[in-house]
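*Asks:* Okay, handing you the structure first.
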Amino acid sequence: MITPYFLESFWGEKNNGFDVLYHNMKHGQISSKELTDFIRERSAIEEAYARSVTKLAKSAGNFSPLGTFAPVWDVFRSSTEKLAACHLELVRKLQELIKEVQKYVDDQAKAHKKTKEEVASTLEAVQNIQTTSQALTKSKEAYNAKTVEQERLRKEGATQREVDKAGVKAKKATETYKSYVEKYATAKSEFEQKMAETAQKFQDIEESHVLHMKEIIQSYSQSVEETHVQIGEVHTEFVGNMENTSPEGLVQKLAECKGTGKERPGSIEFEECNAAVATEGAKPRKRKTFAIPGRRKDKDTDSTESTEVEAANTANGAPPGYYGAIDIQNANVPQVDAEGFCIRPEANENDAKENSFYSSSDSDDEDEPRKFRVEIKPVQGAAGPQGAAIDELKASIGSIVLSPSALGQMRRNQSRVSRMSSLSSKPQVPGDELSKNRTAASFNDKLTNNDLLSLDPFSPTLAGSSSSVSSSAGPALARPTTPLTAGALVPPPRPSSRPKLPTGKLSGINEIVRPFSPPKTAGASPPPTAPLARAESSSSLSSNASVSASNTPTVGTSRGPSPITLASHDALPIAVAFTESVNAYFKGADPSKCIVKITGDMTLSFPMGIIKVFTSNPSPAVLTFRLKNTSRLEQVLPNQQLLHSDASQSDSNSRDFWFNMPALMSYLRKAAEQNPTASYYNVDILKYQVHSSGIQSTPLNLAVYWKCSAGTTDLCLDYRFNPEPMSGPGSLANVQILVPVDGGVTSMQALPNGIWNAEQNKFLWKLSDISDKSDNEGAGSLRAKFELSSGPSTPATLAVQFMNEGSTLSGVDMELQGPGYRLSLTKKRFATGRYMADC
């Protein structure tokens, strides 16, 4: 039986022992998961090593089989394969062990959940005694103050009425103080009883946990030890095989396997030549001519040839006497019949000998002509119709499949030829057709992973620079200059009571038919057309119009007590800020092409005085909080160094976290050392990503339209405020739209007015706050007309920025759990990251 250490060591003045023991139990579950990860990582290492060793064994089997050393490679291969098998066996054992540990983790989570319900009464007793203790301390201070006040009045000779009045207050304070003393006695008795039982329960849980973890480690050690023993046996076998492989044995084996014979060459004696026998045996040889059997040789017997022609035919174009005399009449020419077919000679018993592979090339049989047999058979069904043969031919050709590389090359050649022919035959047409020359290949590559944070709205590709379009990029995608179907986007309808602005008001800006067109302000007069030299410019207009949400302070002044005057018994004030960034890309008026990504950060702010409190109390209460409304979050990434989470929680709409208090105190101390004059210290505790539903998740819907010609460019941007994704009512502030326009702008006009930057060739709209209380419930339209000197322009990507204070797009919130802390301030905001629109 282990000594009840927990029962004697977790009381203390502030009664925080229960919190420490409970979170220690939770850390046991974290340790189990970490042990699982460790064994899994070791298994992965062993598996990778086994694969590498197996690959090495295969390479040893593929080495050269020649040479005296070749048999040794078989020993290497066999030993290496056995070594790989040992490591694979360890992988199998570790995988089984991981299953056991995972089962223990699941059972442990269930046991912890059950324990949490069982110790709920102890938690109430702890909270009761802590509350009673604080009230008792305050009542005692009030009692002492009232008693001292009464005595002071008596000594100073105050009136009887004042003394009586002070006596009443002192008596009331005395009664209150006595009542809290009695309450404290009752709470203390209950707390001691509950805490004693709970402390022993927590110790039993920890004993069982450590014992089980030790058994797991023993199984792990035993598996590794068995593998080492097997590896030792394989190594011993390898050493023995190498000792048995002697140089003499290798040389002997090579001699037996590759030997060419043991008979040495015999002696040869000189023999004199017999001239008579040699002359009689010699025989003139005829030169063979190359002839194709069955080919008819035409010869005109009536014609006469001169001596020079015969000499030329005889010499075959060579100088006279080069080949010597050639007998054309006795040349090897096959006999043919009247139709030109070879006459088959009668078979004789020498055919087999003549056709034999081993027939001597120097024998007399070489003078005879080589004979071939040709047999022509009639075509089956030749009398049938010709269409049947054609059908068979088509069927044969239809089964032939070209390789993909050949097809791809043919298609590339055809597309290249068609493009060249179209460019040579058709002149360039300004206006809407110019927008079709812009390629979207590189842009689609950037949007493959839906990550808008890597996009640059003012890069050459997005800005429509013609120099970025490669001739090998394939056929260019057509940019829509007219809207898609009217039902694609659901905008606010144009009220029938509001008249449209006449086209002539903007000196030639044509009305473009589009899915939704918010009403224009009636009676608004446009600015006069002015040259660019007189147009308003702004030196502060930057090339990047987006506002990063992370660069804005998230926590303001706390409404809690002064950071310097915090007392150890006060609830420590903290503030929280939720900062979110919405990234969106709108393509034309099709809502299905809208790409949205929303991310957020959660930051806690601690006052400077909390460091002094932590220093005076090395074991403060554990800071625990609950993240609410988490059902809309796709992913939550807590700060692993500071936060822990309860994985056994079943509620899908909330999640509990608690701090690693030693790590938090260390972090705050370092922050104070780096900046000792700061009043507050911000700590980033978690990041999250919000589930998006396309265009429905964007607070500002956009649709842009371009109409480009050689001399002018018309631009229209329709927008609509969407309050649905926002967690609370609010407006979009600091709304700005930045538009790059090329083609040499000489003058321009816009509704509403904007700012033109001639140096950067960009136009900027600055709008007032947009909300559902704005005109037409936050829907509107921006229009501009640009006069060009070197048009047409290329439609570019618009960048939009705005921000909101007081609400978020995720709806997440925070709630503190447990005593010792209070939430003094909550701030929420969201702003644009990369918010862009394209036509």
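Ordering of the structure tokens sets the chain letters (A, B, ...), residue numbers begin anew at 1 in every chain, and ligands are numbered from 1 in the order given.
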With a distance cut-off of 10 Å and only C-alpha atoms, select the neighbouring residues of Val163 of chain A, excluding the residue or stretch itself and same-chain residues fewer than 2 positions from it, and output the selection as an mmCIF file with N, CA and C atoms, in the first residue's frame.
*Replies:*
data_model
loop_
_atom_site.group_PDB
_atom_site.id
_atom_site.type_symbol
_atom_site.label_atom_id
_atom_site.label_comp_id
_atom_site.auth_asym_id
_atom_site.auth_seq_id
_atom_site.Cartn_x
_atom_site.Cartn_y
_atom_site.Cartn_z
ATOM 1 N N GLU A 149 -13.349 52.078 15.132
ATOM 2 C CA GLU A 149 -14.044 53.365 14.988
ATOM 3 C C GLU A 149 -14.847 53.685 16.252
ATOM 4 N N GLN A 150 -15.501 52.678 16.806
ATOM 5 C CA GLN A 150 -16.279 52.896 18.024
ATOM 6 C C GLN A 150 -15.383 53.303 19.200
ATOM 7 N N GLU A 151 -14.258 52.643 19.366
ATOM 8 C CA GLU A 151 -13.339 52.971 20.434
ATOM 9 C C GLU A 151 -12.749 54.366 20.253
ATOM 10 N N ARG A 152 -12.482 54.724 19.006
ATOM 11 C CA ARG A 152 -11.928 56.058 18.736
ATOM 12 C C ARG A 152 -12.901 57.154 19.132
ATOM 13 N N LEU A 153 -14.189 56.925 18.819
ATOM 14 C CA LEU A 153 -15.191 57.931 19.179
ATOM 15 C C LEU A 153 -15.322 58.063 20.698
ATOM 16 N N ARG A 154 -15.230 56.965 21.427
ATOM 17 C CA ARG A 154 -15.318 57.024 22.883
ATOM 18 C C ARG A 154 -14.141 57.796 23.479
ATOM 19 N N GLY A 157 -14.285 61.581 22.915
ATOM 20 C CA GLY A 157 -15.384 62.266 23.557
ATOM 21 C C GLY A 157 -16.470 62.702 22.615
ATOM 22 N N ALA A 158 -16.806 61.850 21.683
ATOM 23 C CA ALA A 158 -17.870 62.184 20.750
ATOM 24 C C ALA A 158 -19.214 62.116 21.453
ATOM 25 N N THR A 159 -20.221 62.635 20.814
ATOM 26 C CA THR A 159 -21.562 62.626 21.378
ATOM 27 C C THR A 159 -22.054 61.205 21.531
ATOM 28 N N GLN A 160 -23.029 61.063 22.465
ATOM 29 C CA GLN A 160 -23.559 59.726 22.725
ATOM 30 C C GLN A 160 -24.236 59.153 21.492
ATOM 31 N N ARG A 161 -24.839 60.033 20.727
ATOM 32 C CA ARG A 161 -25.537 59.570 19.516
ATOM 33 C C ARG A 161 -24.551 58.980 18.517
ATOM 34 N N LYS A 165 -24.452 55.123 17.397
ATOM 35 C CA LYS A 165 -24.536 54.779 15.969
ATOM 36 C C LYS A 165 -23.349 53.906 15.558
ATOM 37 N N ALA A 166 -22.151 54.262 16.062
ATOM 38 C CA ALA A 166 -20.977 53.432 15.771
ATOM 39 C C ALA A 166 -21.104 52.064 16.428
ATOM 40 N N GLY A 167 -21.768 52.041 17.622
ATOM 41 C CA GLY A 167 -21.951 50.773 18.297
ATOM 42 C C GLY A 167 -22.875 49.842 17.534
ATOM 43 N N VAL A 168 -23.917 50.422 16.933
ATOM 44 C CA VAL A 168 -24.832 49.601 16.116
ATOM 45 C C VAL A 168 -24.096 48.996 14.935
ATOM 46 N N LYS A 169 -23.292 49.808 14.278
ATOM 47 C CA LYS A 169 -22.536 49.299 13.127
ATOM 48 C C LYS A 169 -21.537 48.221 13.569
#
*Asks:* What's around Lys116 of chain A at 12 Å? Count only C-alpha atoms, leave out sequence neighbours fewer than 5 positions away in its own chain, and write the answer as number ranges by chain.
*Replies:* A: 18-19, 21-23, 25-26, 109-111, 121-123, 198, 201-202, 646, 648-649
*Asks:* Can you pull out the residues contacting Ser208 of chain A? Cut-off 12 Å, using only C-alpha atoms, and skip same-chain residues under 3 positions away; I want them as a PyMOL selection string.
*Replies:* chain A and resi 2+25+28+104+108+111+201-205+211-215
*Asks:* What parts of segment 627-833 of chain A does DSSP call strand (DSSP E)? I'd like the answer as a PyMOL selection string.
*Replies:* chain A and resi 627-628+633-638+643-645+654-659+680-690+700-708+712-721+733-740+745-751+755-757+762-767+779-788+798-805+813-817+821-833
*Asks:* For atom CA of Glu206 of chain A and atom CA of Glu34 of chain A, quote the distance in Å rounded to one decimal.
*Replies:*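 Answer for the atom CA of Glu206 of chain A to atom CA of Glu34 of chain A separation: 16.6 Å.
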*Asks:* Considering only C-alpha atoms, return as a PyMOL selection string whatever protein or nucleic-acid residues lie within 10 Å of Pro662 of chain A, sequence-local ones (same chain, fewer than 2 positions apart) excluded.
*Replies:* chain A and resi 614+618-620+622+642+659-660+664-667
*Asks:* Could you dump the residues just selected with N, CA, C and O atoms as a PDB file, in the first residue's frame?
*Replies:*
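Result file is result20.pdb:
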ATOM      1  N   PHE A 614       1.759  36.389  -9.713  1.00  0.00           N
ATOM      2  CA  PHE A 614       2.311  35.071 -10.008  1.00  0.00           C
ATOM      3  C   PHE A 614       3.632  34.841  -9.280  1.00  0.00           C
ATOM      4  O   PHE A 614       3.944  33.720  -8.859  1.00  0.00           O
ATOM      5  N   PRO A 618       3.629  30.925  -6.304  1.00  0.00           N
ATOM      6  CA  PRO A 618       4.186  30.037  -7.344  1.00  0.00           C
ATOM      7  C   PRO A 618       3.204  28.997  -7.860  1.00  0.00           C
ATOM      8  O   PRO A 618       3.476  28.359  -8.869  1.00  0.00           O
ATOM      9  N   SER A 619       2.081  28.782  -7.175  1.00  0.00           N
ATOM     10  CA  SER A 619       1.079  27.800  -7.634  1.00  0.00           C
ATOM     11  C   SER A 619      -0.267  28.486  -7.763  1.00  0.00           C
ATOM     12  O   SER A 619      -1.192  28.263  -6.957  1.00  0.00           O
ATOM     13  N   PRO A 620      -0.439  29.344  -8.762  1.00  0.00           N
ATOM     14  CA  PRO A 620      -1.715  30.043  -8.919  1.00  0.00           C
ATOM     15  C   PRO A 620      -2.785  29.117  -9.453  1.00  0.00           C
ATOM     16  O   PRO A 620      -2.518  27.994  -9.892  1.00  0.00           O
ATOM     17  N   VAL A 622      -5.325  27.480 -11.936  1.00  0.00           N
ATOM     18  CA  VAL A 622      -5.178  27.178 -13.358  1.00  0.00           C
ATOM     19  C   VAL A 622      -6.199  27.986 -14.148  1.00  0.00           C
ATOM     20  O   VAL A 622      -7.395  28.001 -13.821  1.00  0.00           O
ATOM     21  N   LEU A 642       1.500  26.462 -24.620  1.00  0.00           N
ATOM     22  CA  LEU A 642       0.778  27.099 -23.522  1.00  0.00           C
ATOM     23  C   LEU A 642      -0.545  26.439 -23.188  1.00  0.00           C
ATOM     24  O   LEU A 642      -1.004  26.527 -22.050  1.00  0.00           O
ATOM     25  N   PHE A 659      -4.525  26.351 -19.322  1.00  0.00           N
ATOM     26  CA  PHE A 659      -3.165  26.794 -19.560  1.00  0.00           C
ATOM     27  C   PHE A 659      -2.159  25.915 -18.820  1.00  0.00           C
ATOM     28  O   PHE A 659      -2.425  25.396 -17.734  1.00  0.00           O
ATOM     29  N   ASN A 660      -1.007  25.781 -19.431  1.00  0.00           N
ATOM     30  CA  ASN A 660       0.171  25.259 -18.750  1.00  0.00           C
ATOM     31  C   ASN A 660       0.754  26.426 -17.950  1.00  0.00           C
ATOM     32  O   ASN A 660       1.479  27.269 -18.470  1.00  0.00           O
ATOM     33  N   LEU A 664       3.116  29.625 -18.982  1.00  0.00           N
ATOM     34  CA  LEU A 664       2.531  30.958 -19.108  1.00  0.00           C
ATOM     35  C   LEU A 664       3.287  31.966 -18.238  1.00  0.00           C
ATOM     36  O   LEU A 664       3.587  33.080 -18.684  1.00  0.00           O
ATOM     37  N   MET A 665       3.593  31.586 -17.009  1.00  0.00           N
ATOM     38  CA  MET A 665       4.322  32.505 -16.135  1.00  0.00           C
ATOM     39  C   MET A 665       5.713  32.800 -16.683  1.00  0.00           C
ATOM     40  O   MET A 665       6.189  33.938 -16.632  1.00  0.00           O
ATOM     41  N   SER A 666       6.378  31.792 -17.240  1.00  0.00           N
ATOM     42  CA  SER A 666       7.698  32.003 -17.833  1.00  0.00           C
ATOM     43  C   SER A 666       7.617  32.951 -19.026  1.00  0.00           C
ATOM     44  O   SER A 666       8.464  33.834 -19.193  1.00  0.00           O
ATOM     45  N   TYR A 667       6.569  32.774 -19.842  1.00  0.00           N
ATOM     46  CA  TYR A 667       6.403  33.645 -21.015  1.00  0.00           C
ATOM     47  C   TYR A 667       6.165  35.093 -20.585  1.00  0.00           C
ATOM     48  O   TYR A 667       6.752  36.026 -21.154  1.00  0.00           O
TER      49      TYR A 667
END
*Asks:* Rank nothing, just name the residue among A:Glu41, A:Asn776, A:Leu668, A:Leu633 nearest to Lys612 of chain A, using only C-alpha atoms.
*Replies:*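 Comparing A:Glu41, A:Asn776, A:Leu668, A:Leu633 against Lys612 of chain A, the winner is A:Leu668.
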*Asks:* Set the distance at 6 Å and use only C-alpha atoms: which residues neighbour Pro573 of chain A once local chain neighbours fewer than 4 positions away are removed? I'd like the list as a list in words.
*Replies:*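 With the cut-off at 6 Å, the set is Gly560, Tyr821, Arg822, Leu823 and Ser824 of chain A.
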*Asks:* Could you take the residues named above and write them with N, CA and C atoms, as a PDB file, in the first residue's frame?
*Replies:*
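Final output, saved to result35.pdb:
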ATOM      1  N   GLY A 560     -10.819  46.743 -15.709  1.00  0.00           N
ATOM      2  CA  GLY A 560     -10.597  46.139 -14.408  1.00  0.00           C
ATOM      3  C   GLY A 560      -9.770  47.052 -13.530  1.00  0.00           C
ATOM      4  N   TYR A 821     -10.063  34.308 -11.833  1.00  0.00           N
ATOM      5  CA  TYR A 821      -9.900  35.216 -12.960  1.00  0.00           C
ATOM      6  C   TYR A 821     -11.261  35.761 -13.363  1.00  0.00           C
ATOM      7  N   ARG A 822     -11.241  36.906 -14.009  1.00  0.00           N
ATOM      8  CA  ARG A 822     -12.473  37.493 -14.543  1.00  0.00           C
ATOM      9  C   ARG A 822     -12.162  38.137 -15.888  1.00  0.00           C
ATOM     10  N   LEU A 823     -13.159  38.117 -16.762  1.00  0.00           N
ATOM     11  CA  LEU A 823     -13.021  38.673 -18.109  1.00  0.00           C
ATOM     12  C   LEU A 823     -13.442  40.135 -18.075  1.00  0.00           C
ATOM     13  N   SER A 824     -12.479  41.034 -18.282  1.00  0.00           N
ATOM     14  CA  SER A 824     -12.755  42.463 -18.179  1.00  0.00           C
ATOM     15  C   SER A 824     -13.113  43.101 -19.515  1.00  0.00           C
TER      16      SER A 824
END
*Asks:* Select, from A:Gly17, A:Gly811, A:Pro725, A:Gly249, the residue with the minimum atom-to-atom distance to Glu192 of chain A, counting only C-alpha atoms.
*Replies:* A:Gly17
